[in-house]
$ cat entry.txt   # compact mmCIF, N, CA and C atoms
# COMPACT_ATOMS: atom_id res chain seq x y z
N MET A 103 119.57 45.53 158.93
CA MET A 103 119.72 46.65 158.04
C MET A 103 119.74 46.12 156.61
N SER A 104 119.21 46.87 155.70
CA SER A 104 119.16 46.42 154.31
C SER A 104 120.56 46.41 153.71
N ASN A 105 120.69 45.69 152.59
CA ASN A 105 121.97 45.57 151.93
C ASN A 105 122.33 46.83 151.15
N THR A 106 121.38 47.69 150.88
CA THR A 106 121.64 48.90 150.13
C THR A 106 122.42 49.88 151.01
N LYS A 107 123.56 50.32 150.50
CA LYS A 107 124.38 51.26 151.26
C LYS A 107 123.81 52.66 151.10
N LYS A 108 123.41 53.24 152.19
CA LYS A 108 122.84 54.59 152.17
C LYS A 108 123.94 55.60 152.51
N PRO A 109 123.92 56.76 151.85
CA PRO A 109 124.86 57.81 152.26
C PRO A 109 124.49 58.27 153.66
N ILE A 110 125.47 58.72 154.40
CA ILE A 110 125.21 59.17 155.77
C ILE A 110 124.39 60.46 155.75
N PHE A 111 124.78 61.37 154.88
CA PHE A 111 124.21 62.72 154.91
C PHE A 111 124.05 63.24 153.49
N ASP A 112 122.92 63.81 153.18
CA ASP A 112 122.64 64.36 151.86
C ASP A 112 123.01 65.84 151.84
N THR A 113 124.24 66.12 151.42
CA THR A 113 124.73 67.50 151.43
C THR A 113 123.96 68.40 150.45
N VAL A 114 123.53 67.85 149.33
CA VAL A 114 122.77 68.64 148.35
C VAL A 114 121.45 69.09 148.98
N PHE A 115 120.74 68.16 149.61
CA PHE A 115 119.49 68.50 150.29
C PHE A 115 119.74 69.58 151.33
N PHE A 116 120.77 69.40 152.13
CA PHE A 116 121.08 70.35 153.20
C PHE A 116 121.40 71.73 152.64
N LYS A 117 122.18 71.78 151.57
CA LYS A 117 122.51 73.07 150.97
C LYS A 117 121.27 73.75 150.39
N ASN A 118 120.36 72.95 149.86
CA ASN A 118 119.11 73.52 149.33
C ASN A 118 118.25 74.12 150.44
N ILE A 119 118.17 73.46 151.58
CA ILE A 119 117.30 74.00 152.64
C ILE A 119 117.92 75.19 153.36
N THR A 120 119.25 75.28 153.33
CA THR A 120 119.90 76.42 153.98
C THR A 120 120.16 77.57 153.01
N ASP A 121 120.06 77.31 151.73
CA ASP A 121 120.16 78.33 150.68
C ASP A 121 121.39 79.23 150.83
N GLY A 122 122.50 78.63 151.24
CA GLY A 122 123.75 79.37 151.34
C GLY A 122 123.87 80.29 152.54
N ASP A 123 122.89 80.31 153.40
CA ASP A 123 122.92 81.17 154.59
C ASP A 123 123.78 80.48 155.66
N GLU A 124 125.00 80.98 155.83
CA GLU A 124 125.96 80.35 156.75
C GLU A 124 125.47 80.35 158.20
N SER A 125 124.88 81.42 158.62
CA SER A 125 124.39 81.52 159.99
C SER A 125 123.27 80.49 160.23
N PHE A 126 122.34 80.42 159.29
CA PHE A 126 121.24 79.46 159.40
C PHE A 126 121.76 78.03 159.36
N LYS A 127 122.73 77.78 158.48
CA LYS A 127 123.32 76.45 158.36
C LYS A 127 123.94 76.01 159.69
N ASN A 128 124.73 76.89 160.30
CA ASN A 128 125.37 76.55 161.57
C ASN A 128 124.35 76.36 162.69
N GLU A 129 123.32 77.21 162.69
CA GLU A 129 122.27 77.09 163.71
C GLU A 129 121.51 75.77 163.55
N LEU A 130 121.19 75.42 162.33
CA LEU A 130 120.47 74.18 162.06
C LEU A 130 121.28 72.96 162.51
N ILE A 131 122.57 72.98 162.26
CA ILE A 131 123.45 71.88 162.69
C ILE A 131 123.45 71.79 164.21
N ASP A 132 123.61 72.92 164.89
CA ASP A 132 123.64 72.91 166.36
C ASP A 132 122.32 72.42 166.94
N VAL A 133 121.21 72.86 166.38
CA VAL A 133 119.90 72.44 166.86
C VAL A 133 119.71 70.94 166.63
N PHE A 134 120.09 70.46 165.45
CA PHE A 134 119.96 69.03 165.16
C PHE A 134 120.76 68.21 166.16
N ILE A 135 122.01 68.56 166.37
CA ILE A 135 122.86 67.76 167.27
C ILE A 135 122.29 67.76 168.68
N SER A 136 121.87 68.92 169.15
CA SER A 136 121.30 69.01 170.50
C SER A 136 120.02 68.19 170.63
N SER A 137 119.11 68.35 169.70
CA SER A 137 117.83 67.64 169.79
C SER A 137 118.03 66.14 169.56
N ALA A 138 118.95 65.76 168.66
CA ALA A 138 119.20 64.34 168.41
C ALA A 138 119.75 63.66 169.67
N GLN A 139 120.57 64.37 170.42
CA GLN A 139 121.09 63.79 171.66
C GLN A 139 119.97 63.61 172.69
N ASP A 140 119.07 64.57 172.77
CA ASP A 140 117.91 64.43 173.66
C ASP A 140 117.03 63.26 173.23
N GLN A 141 116.82 63.13 171.92
CA GLN A 141 115.99 62.04 171.40
C GLN A 141 116.67 60.69 171.61
N LEU A 142 117.99 60.64 171.46
CA LEU A 142 118.73 59.41 171.71
C LEU A 142 118.60 59.00 173.18
N HIS A 143 118.65 59.97 174.06
CA HIS A 143 118.46 59.70 175.49
C HIS A 143 117.08 59.08 175.75
N GLU A 144 116.07 59.61 175.09
CA GLU A 144 114.70 59.07 175.25
C GLU A 144 114.62 57.64 174.71
N ILE A 145 115.27 57.37 173.59
CA ILE A 145 115.28 56.01 173.04
C ILE A 145 115.93 55.05 174.03
N ARG A 146 117.05 55.48 174.61
CA ARG A 146 117.73 54.63 175.60
C ARG A 146 116.82 54.37 176.79
N LYS A 147 116.16 55.41 177.25
CA LYS A 147 115.25 55.27 178.40
C LYS A 147 114.16 54.24 178.11
N VAL A 148 113.53 54.35 176.95
CA VAL A 148 112.47 53.41 176.57
C VAL A 148 113.05 52.00 176.40
N ALA A 149 114.23 51.92 175.81
CA ALA A 149 114.85 50.61 175.57
C ALA A 149 115.15 49.89 176.88
N GLU A 150 115.52 50.63 177.90
CA GLU A 150 115.91 50.02 179.17
C GLU A 150 114.72 49.70 180.09
N GLU A 151 113.54 50.21 179.75
CA GLU A 151 112.36 49.92 180.56
C GLU A 151 111.94 48.47 180.39
N GLN A 152 111.68 47.82 181.47
CA GLN A 152 111.25 46.42 181.43
C GLN A 152 109.90 46.26 180.73
N ASN A 153 108.99 47.15 181.00
CA ASN A 153 107.62 46.98 180.52
C ASN A 153 107.20 48.05 179.51
N SER A 154 108.15 48.55 178.74
CA SER A 154 107.76 49.57 177.76
C SER A 154 106.95 48.91 176.65
N ASN A 155 106.02 49.66 176.11
CA ASN A 155 105.16 49.11 175.06
C ASN A 155 105.65 49.53 173.68
N GLN A 156 105.04 48.97 172.67
CA GLN A 156 105.44 49.26 171.31
C GLN A 156 105.19 50.72 170.95
N TYR A 157 104.13 51.33 171.49
CA TYR A 157 103.85 52.73 171.19
C TYR A 157 104.98 53.63 171.67
N GLY A 158 105.46 53.42 172.88
CA GLY A 158 106.54 54.24 173.42
C GLY A 158 107.80 54.11 172.60
N TRP A 159 108.08 52.89 172.18
CA TRP A 159 109.26 52.61 171.34
C TRP A 159 109.11 53.31 169.99
N HIS A 160 107.95 53.11 169.36
CA HIS A 160 107.68 53.71 168.05
C HIS A 160 107.77 55.24 168.14
N SER A 161 107.20 55.81 169.15
CA SER A 161 107.18 57.26 169.32
C SER A 161 108.59 57.83 169.48
N ALA A 162 109.41 57.17 170.29
CA ALA A 162 110.78 57.64 170.51
C ALA A 162 111.58 57.58 169.21
N LEU A 163 111.44 56.48 168.47
CA LEU A 163 112.16 56.35 167.20
C LEU A 163 111.63 57.35 166.17
N HIS A 164 110.31 57.51 166.14
CA HIS A 164 109.68 58.41 165.17
C HIS A 164 110.17 59.85 165.33
N SER A 165 110.35 60.27 166.54
CA SER A 165 110.81 61.62 166.82
C SER A 165 112.20 61.87 166.22
N LEU A 166 113.13 60.94 166.44
CA LEU A 166 114.47 61.08 165.89
C LEU A 166 114.45 60.96 164.37
N LYS A 167 113.62 60.08 163.86
CA LYS A 167 113.50 59.93 162.40
C LYS A 167 113.10 61.25 161.76
N GLY A 168 112.16 61.95 162.35
CA GLY A 168 111.72 63.23 161.82
C GLY A 168 112.84 64.26 161.79
N SER A 169 113.61 64.31 162.85
CA SER A 169 114.75 65.24 162.89
C SER A 169 115.75 64.90 161.81
N CYS A 170 116.03 63.62 161.64
CA CYS A 170 116.99 63.18 160.62
C CYS A 170 116.50 63.52 159.22
N SER A 171 115.24 63.26 158.97
CA SER A 171 114.67 63.51 157.65
C SER A 171 114.70 64.99 157.31
N SER A 172 114.49 65.84 158.30
CA SER A 172 114.42 67.28 158.03
C SER A 172 115.77 67.90 157.72
N ILE A 173 116.85 67.22 158.06
CA ILE A 173 118.18 67.80 157.82
C ILE A 173 118.96 67.05 156.73
N GLY A 174 118.47 65.87 156.34
CA GLY A 174 119.15 65.10 155.30
C GLY A 174 120.03 63.98 155.83
N ALA A 175 119.77 63.54 157.05
CA ALA A 175 120.54 62.44 157.64
C ALA A 175 119.93 61.12 157.16
N ILE A 176 120.25 60.76 155.94
CA ILE A 176 119.60 59.66 155.23
C ILE A 176 119.83 58.29 155.87
N LYS A 177 121.06 57.97 156.19
CA LYS A 177 121.37 56.64 156.70
C LYS A 177 120.62 56.35 158.00
N LEU A 178 120.64 57.30 158.93
CA LEU A 178 119.97 57.08 160.21
C LEU A 178 118.46 57.07 160.04
N SER A 179 117.93 57.96 159.23
CA SER A 179 116.50 57.98 158.98
C SER A 179 116.03 56.65 158.40
N SER A 180 116.76 56.13 157.43
CA SER A 180 116.41 54.85 156.80
C SER A 180 116.49 53.70 157.78
N PHE A 181 117.51 53.71 158.62
CA PHE A 181 117.66 52.66 159.63
C PHE A 181 116.47 52.66 160.59
N ILE A 182 116.08 53.84 161.02
CA ILE A 182 114.95 53.94 161.95
C ILE A 182 113.66 53.47 161.28
N ILE A 183 113.45 53.86 160.03
CA ILE A 183 112.26 53.42 159.31
C ILE A 183 112.18 51.90 159.27
N GLU A 184 113.33 51.26 159.06
CA GLU A 184 113.37 49.79 159.02
C GLU A 184 112.98 49.15 160.34
N HIS A 185 113.20 49.85 161.45
CA HIS A 185 113.02 49.22 162.76
C HIS A 185 111.86 49.73 163.60
N GLN A 186 111.30 50.87 163.27
CA GLN A 186 110.27 51.43 164.15
C GLN A 186 108.94 50.69 164.09
N ASN A 187 108.63 50.07 162.99
CA ASN A 187 107.33 49.43 162.85
C ASN A 187 107.37 47.91 162.84
N LYS A 188 108.51 47.35 163.12
CA LYS A 188 108.59 45.89 163.12
C LYS A 188 107.71 45.32 164.21
N ASN A 189 106.97 44.31 163.85
CA ASN A 189 106.10 43.64 164.82
C ASN A 189 106.84 42.48 165.45
N LEU A 190 107.88 42.83 166.16
CA LEU A 190 108.68 41.82 166.84
C LEU A 190 108.34 41.84 168.32
N ASP A 191 108.71 40.78 168.99
CA ASP A 191 108.64 40.80 170.43
C ASP A 191 109.68 41.80 170.89
N LEU A 192 109.24 42.92 171.37
CA LEU A 192 110.15 43.99 171.72
C LEU A 192 110.83 43.72 173.06
N THR A 193 111.76 42.79 173.03
CA THR A 193 112.48 42.48 174.26
C THR A 193 113.43 43.62 174.59
N LYS A 194 113.78 43.69 175.82
CA LYS A 194 114.73 44.70 176.26
C LYS A 194 116.04 44.57 175.49
N GLU A 195 116.49 43.35 175.29
CA GLU A 195 117.74 43.10 174.58
C GLU A 195 117.67 43.60 173.13
N TYR A 196 116.53 43.35 172.47
CA TYR A 196 116.34 43.82 171.10
C TYR A 196 116.41 45.34 171.06
N LYS A 197 115.68 46.00 171.93
CA LYS A 197 115.64 47.46 171.92
C LYS A 197 117.02 48.05 172.23
N ILE A 198 117.74 47.46 173.16
CA ILE A 198 119.08 47.97 173.48
C ILE A 198 120.02 47.78 172.30
N SER A 199 119.89 46.68 171.60
CA SER A 199 120.70 46.44 170.40
C SER A 199 120.42 47.50 169.34
N ILE A 200 119.16 47.79 169.11
CA ILE A 200 118.79 48.82 168.14
C ILE A 200 119.27 50.19 168.61
N TYR A 201 119.11 50.47 169.89
CA TYR A 201 119.62 51.74 170.45
C TYR A 201 121.12 51.88 170.17
N ASN A 202 121.88 50.83 170.40
CA ASN A 202 123.33 50.89 170.18
C ASN A 202 123.66 51.15 168.72
N ASP A 203 122.89 50.54 167.81
CA ASP A 203 123.09 50.80 166.38
C ASP A 203 122.76 52.25 166.05
N ILE A 204 121.67 52.75 166.59
CA ILE A 204 121.27 54.14 166.36
C ILE A 204 122.34 55.09 166.89
N LYS A 205 122.85 54.82 168.07
CA LYS A 205 123.89 55.66 168.66
C LYS A 205 125.12 55.71 167.76
N SER A 206 125.51 54.57 167.25
CA SER A 206 126.68 54.49 166.38
C SER A 206 126.46 55.28 165.07
N ILE A 207 125.30 55.09 164.46
CA ILE A 207 125.00 55.80 163.21
C ILE A 207 124.87 57.30 163.48
N LEU A 208 124.32 57.67 164.63
CA LEU A 208 124.20 59.09 164.97
C LEU A 208 125.58 59.71 165.13
N GLU A 209 126.52 58.99 165.72
CA GLU A 209 127.88 59.51 165.84
C GLU A 209 128.50 59.75 164.47
N GLU A 210 128.31 58.82 163.55
CA GLU A 210 128.79 58.99 162.16
C GLU A 210 128.13 60.22 161.53
N THR A 211 126.83 60.34 161.75
CA THR A 211 126.05 61.42 161.18
C THR A 211 126.53 62.77 161.70
N GLU A 212 126.71 62.88 163.00
CA GLU A 212 127.17 64.14 163.59
C GLU A 212 128.55 64.51 163.06
N SER A 213 129.41 63.53 162.90
CA SER A 213 130.74 63.78 162.36
C SER A 213 130.65 64.33 160.93
N GLU A 214 129.79 63.73 160.15
CA GLU A 214 129.61 64.15 158.76
C GLU A 214 128.96 65.53 158.68
N ILE A 215 127.96 65.77 159.49
CA ILE A 215 127.24 67.04 159.46
C ILE A 215 128.13 68.20 159.91
N THR A 216 128.95 67.97 160.91
CA THR A 216 129.79 69.07 161.40
C THR A 216 130.82 69.51 160.37
N LYS A 217 131.09 68.70 159.37
CA LYS A 217 131.97 69.11 158.28
C LYS A 217 131.35 70.25 157.49
N GLU A 218 130.02 70.37 157.58
CA GLU A 218 129.30 71.43 156.86
C GLU A 218 129.35 72.77 157.58
N LYS A 219 129.76 72.76 158.85
CA LYS A 219 129.79 74.01 159.61
C LYS A 219 130.86 74.94 159.09
N SER A 220 130.55 76.21 159.12
CA SER A 220 131.52 77.24 158.72
C SER A 220 132.59 77.36 159.79
N ASN A 221 133.73 77.68 159.36
CA ASN A 221 134.82 77.88 160.33
C ASN A 221 134.92 79.33 160.73

$ encode --input "entry.txt" --output "structure tokens"
Amino acid sequence: MSNTKKPIFDTVFFKNITDGDESFKNELIDVFISSAQDQLHEIRKVAEEQNSNQYGWHSALHSLKGSCSSIGAIKLSSFIIEHQNKNLDLTKEYKISIYNDIKSILEETESEITKEKSN
């Protein structure tokens, strides 16, 4: 990961896209969390495959990156960008390590995003 500390979540961006609509804001948060969990599951599946190829890995990461970018989840999006295109020997151990980092950052992100939900 780069030395630059990225904010977890861009609240200004999020408020701009939801335009103060509380119902839309809550719905967007729920959809993000649900889809991010599905995408995380896919990343784990690809990471654990013995013979997964770089395309499968890139595609799984790319999907979550898009979700993160669309809601303002800056830290996770940036982390994925750093790792999705690396031309490394994609060993199972490497992919599982990256998956674990993504899972951890996603947990931070979900915690931060849910603070935006209306009570």

$ residues_around --input "entry.txt" --residues "region 119-134 of chain A" --least-positions-apart "6" --cutoff "9 Å" --atoms "only C-alpha atoms" --output "CSV table (one decimal) with N, CA and C atoms, keeping the file's coordinate frame"
chain,number,residue,atom,x,y,z
A,169,SER,N,113.6,64.3,162.8
A,169,SER,CA,114.8,65.2,162.9
A,169,SER,C,115.8,64.9,161.8
A,170,CYS,N,116.0,63.6,161.6
A,170,CYS,CA,117.0,63.2,160.6
A,170,CYS,C,116.5,63.5,159.2
A,173,ILE,N,116.8,67.2,158.1
A,173,ILE,CA,118.2,67.8,157.8
A,173,ILE,C,119.0,67.0,156.7
A,212,GLU,N,126.7,62.9,163.0
A,212,GLU,CA,127.2,64.1,163.6
A,212,GLU,C,128.6,64.5,163.1
A,215,ILE,N,128.0,65.8,159.5
A,215,ILE,CA,127.2,67.0,159.5
A,215,ILE,C,128.1,68.2,159.9
A,216,THR,N,129.0,68.0,160.9
A,216,THR,CA,129.8,69.1,161.4
A,216,THR,C,130.8,69.5,160.4
A,218,GLU,N,130.0,70.4,157.6
A,218,GLU,CA,129.3,71.4,156.9
A,218,GLU,C,129.4,72.8,157.6
A,219,LYS,N,129.8,72.8,158.8
A,219,LYS,CA,129.8,74.0,159.6
A,219,LYS,C,130.9,74.9,159.1
A,220,SER,N,130.6,76.2,159.1
A,220,SER,CA,131.5,77.2,158.7
A,220,SER,C,132.6,77.4,159.8

$ atom_distance --input "entry.txt" --atom1 "CA of Asp203 (chain A)" --atom2 "atom N of Phe181 (chain A)"
10.0 Å

$ select_by_dssp --input "entry.txt" --residues "region 122-189 of chain A" --states "helix (DSSP H, G or I)" --output "PyMOL selection string"
chain A and resi 124-150+156-173+176-186

$ atom_distance --input "entry.txt" --atom1 "CA of Val148 (chain A)" --atom2 "CA of Glu210 (chain A)"
22.5 Å

$ residues_near_point --input "entry.txt" --point "(108.7, 48.8, 169.5)" --cutoff "6.5 Å" --atoms "all atoms listed in the file" --output "ChimeraX atom specification"
/A:155-160,186,188,192
